[in-house]
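Undergrad: My structure is below; once you've seen it, I'll send some questions.
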Amino acid sequence: MAGHARDDLSSDQDLLTRLRAGETWRFEPEPGQTVAWVSAAHGTVRASAPIAAGEMVVFDEGHDAIDFHADSDTFFVLGSACKHPHELFLGYYSVHTNAKALEKGENGIREVAVASSVEAAVRALAPDARRILICGSLYLAGKVLADNA
């Protein structure tokens, strides 16, 4: 990225790892990396407990190496990074750096979901309708044109 320093992100890693049944592998985090997660895509790999295909595990924060053992032929993605320097606000669908941004983002997601649901229901009932009045709000292609409620 021209003109943008990436020093704060330079030590993040995403590793696709394949192990045959019975093989082991040790992951040594880079200096400063204290956050790690793994998601198994196939088979079962064991760290401190088995991780089956489709499961994702976030490890306790720390600098320690992580030992993996393949219970069966497996491949998995391992991610590791430096912890974000600011408090994060976690929503159901998004992550933000402050509570106001989280609320705005979550409300925006809900508005899109409601508009899409209303449009789908109306299209099923009146597939040729171009403008629809529902409970005092005028909709056109899922967008609220006027709200008279």
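Residue numbering restarts at 1 in every chain; chains get A, B, ... in the order shown in the structure tokens, and ligands count up from 1 in that same order.
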I want to know what sits within 12 Å of Gly108 in chain A, based on only C-alpha atoms, with residues of the same chain fewer than 6 positions away left out; could you give that as a VMD selection string?

TA: chain A and resid 93 to 94 101 to 102 114 to 115

Undergrad: Selected residues, N, CA and C atoms, written as a PDB file, in the first residue's frame, please.

TA:
ATOM      1  N   TYR A  93     -22.347  -9.834  13.954  1.00  0.00           N
ATOM      2  CA  TYR A  93     -21.842  -9.948  12.588  1.00  0.00           C
ATOM      3  C   TYR A  93     -20.609  -9.099  12.316  1.00  0.00           C
ATOM      4  N   SER A  94     -20.176  -8.278  13.258  1.00  0.00           N
ATOM      5  CA  SER A  94     -19.100  -7.341  12.957  1.00  0.00           C
ATOM      6  C   SER A  94     -18.287  -6.988  14.196  1.00  0.00           C
ATOM      7  N   ALA A 101     -19.892   2.997  16.808  1.00  0.00           N
ATOM      8  CA  ALA A 101     -19.721   2.399  15.474  1.00  0.00           C
ATOM      9  C   ALA A 101     -20.351   1.006  15.430  1.00  0.00           C
ATOM     10  N   LEU A 102     -20.230   0.240  16.504  1.00  0.00           N
ATOM     11  CA  LEU A 102     -20.849  -1.088  16.561  1.00  0.00           C
ATOM     12  C   LEU A 102     -22.361  -0.965  16.448  1.00  0.00           C
ATOM     13  N   VAL A 114     -34.224  -6.418   7.184  1.00  0.00           N
ATOM     14  CA  VAL A 114     -35.669  -6.150   7.199  1.00  0.00           C
ATOM     15  C   VAL A 114     -36.140  -5.747   5.810  1.00  0.00           C
ATOM     16  N   ALA A 115     -35.416  -4.838   5.168  1.00  0.00           N
ATOM     17  CA  ALA A 115     -35.813  -4.388   3.828  1.00  0.00           C
ATOM     18  C   ALA A 115     -35.827  -5.558   2.851  1.00  0.00           C
TER      19      ALA A 115
END

Undergrad: Residues near Pro29 in chain A, anyone? I mean within 7 Å using only C-alpha atoms, not counting same-chain ones fewer than 3 positions away, as a list in words.

TA: Gln33, His63 and Ala65 of chain A

Undergrad: Create the file for the chosen residues now, containing C-alpha atoms and written as a compact mmCIF listing (two decimals), in the first residue's frame.

TA:
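The result, written out as part13.txt:
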# COMPACT_ATOMS: atom_id res chain seq x y z
CA GLN A 33 2.34 -12.59 18.41
CA HIS A 63 3.71 -16.48 23.47
CA ALA A 65 4.54 -22.69 20.99

Undergrad: Would you mind telling me which residue in A:Thr34, A:Thr44, A:Ser72, A:Ser39 lies nearest to Ala21 in chain A when using only C-alpha atoms?

TA: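 So, comparing all the options, the nearest one is A:Ser72.
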
Undergrad: From the set A:Arg110, A:Arg18, A:Arg46, A:Lys100, which residue has the shortest atom-to-atom contact distance to Leu88 in chain A, counting only C-alpha atoms?

TA: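 Counting only C-alpha atoms, the residue closest to Leu88 in chain A is A:Lys100.
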
Undergrad: So the first atom is CA of Arg20 in chain A and the second is CA of Leu78 in chain A; what is the distance between them in Å, to one decimal place?

TA: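 CA of Leu78 in chain A lies at a distance of 16.3 Å from CA of Arg20 in chain A.
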
Undergrad: Find the spatial neighbours of Glu55 in chain A, counting only C-alpha atoms, within a cut-off of 10 Å - ignore same-chain residues fewer than 5 positions away - and output them as a PDB file with C-alpha atoms, in the first residue's frame.

TA:
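Resulting contents of around.pdb:
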ATOM      1  CA  VAL A  38      -7.023 -22.732  14.099  1.00  0.00           C
ATOM      2  CA  SER A  39      -9.815 -24.017  11.882  1.00  0.00           C
ATOM      3  CA  ALA A  40      -9.777 -27.614  10.651  1.00  0.00           C
ATOM      4  CA  ALA A  41     -10.965 -28.124   7.081  1.00  0.00           C
ATOM      5  CA  HIS A  42     -10.519 -31.901   6.870  1.00  0.00           C
ATOM      6  CA  THR A  44      -8.985 -34.171  13.023  1.00  0.00           C
ATOM      7  CA  PRO A  50      -9.164 -32.617  19.261  1.00  0.00           C
ATOM      8  CA  PHE A  76      -6.193 -26.810   8.733  1.00  0.00           C
TER       9      PHE A  76
END

Undergrad: Please report the interatomic distance between CA of Val35 in chain A and CA of Leu19 in chain A in Å with one decimal.

TA: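 Computed distance, CA of Val35 in chain A to CA of Leu19 in chain A, equals 22.3 Å.
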
Undergrad: Determine which residues of range 37-68 of chain A DSSP labels as strand (DSSP E or B) from the backbone of this structure, then write them out as a list in words.

TA: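 Residues meeting the strand (DSSP E or B) criterion: Trp37, Val38, Ser39, Ala40, Ala41, His42, Thr44, Val45, Arg46, Pro50, Ile51, Ala52, Met56, Val57, Val58, Ile66, Asp67 and Phe68 of chain A.
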
Undergrad: Taking only C-alpha atoms into account, name the residue in A:Ile51, A:Phe75, A:Asn98, A:Asp64 that is nearest to Phe27 in chain A.

TA: A:Asp64

Undergrad: Write out as number ranges by chain the residues lying within 7 Å of Thr24 in chain A, counting only C-alpha atoms and excluding same-chain residues fewer than 2 positions away.

TA: A: 22, 26, 68-70

Undergrad: Suppose we keep N, CA and C atoms; can you now write the selection as a PDB file, in the first residue's frame?

TA:
ATOM      1  N   GLY A  22      -0.903 -39.311  12.340  1.00  0.00           N
ATOM      2  CA  GLY A  22       0.243 -39.637  13.181  1.00  0.00           C
ATOM      3  C   GLY A  22       1.359 -38.592  13.171  1.00  0.00           C
ATOM      4  N   ARG A  26       5.092 -28.387  15.263  1.00  0.00           N
ATOM      5  CA  ARG A  26       5.114 -27.357  16.300  1.00  0.00           C
ATOM      6  C   ARG A  26       5.107 -25.983  15.641  1.00  0.00           C
ATOM      7  N   PHE A  68       0.862 -29.578  17.417  1.00  0.00           N
ATOM      8  CA  PHE A  68      -0.261 -30.199  16.728  1.00  0.00           C
ATOM      9  C   PHE A  68       0.066 -31.651  16.434  1.00  0.00           C
ATOM     10  N   HIS A  69      -0.943 -32.518  16.562  1.00  0.00           N
ATOM     11  CA  HIS A  69      -0.813 -33.938  16.235  1.00  0.00           C
ATOM     12  C   HIS A  69      -2.022 -34.320  15.384  1.00  0.00           C
ATOM     13  N   ALA A  70      -1.783 -34.958  14.256  1.00  0.00           N
ATOM     14  CA  ALA A  70      -2.874 -35.368  13.367  1.00  0.00           C
ATOM     15  C   ALA A  70      -3.422 -36.723  13.814  1.00  0.00           C
TER      16      ALA A  70
END
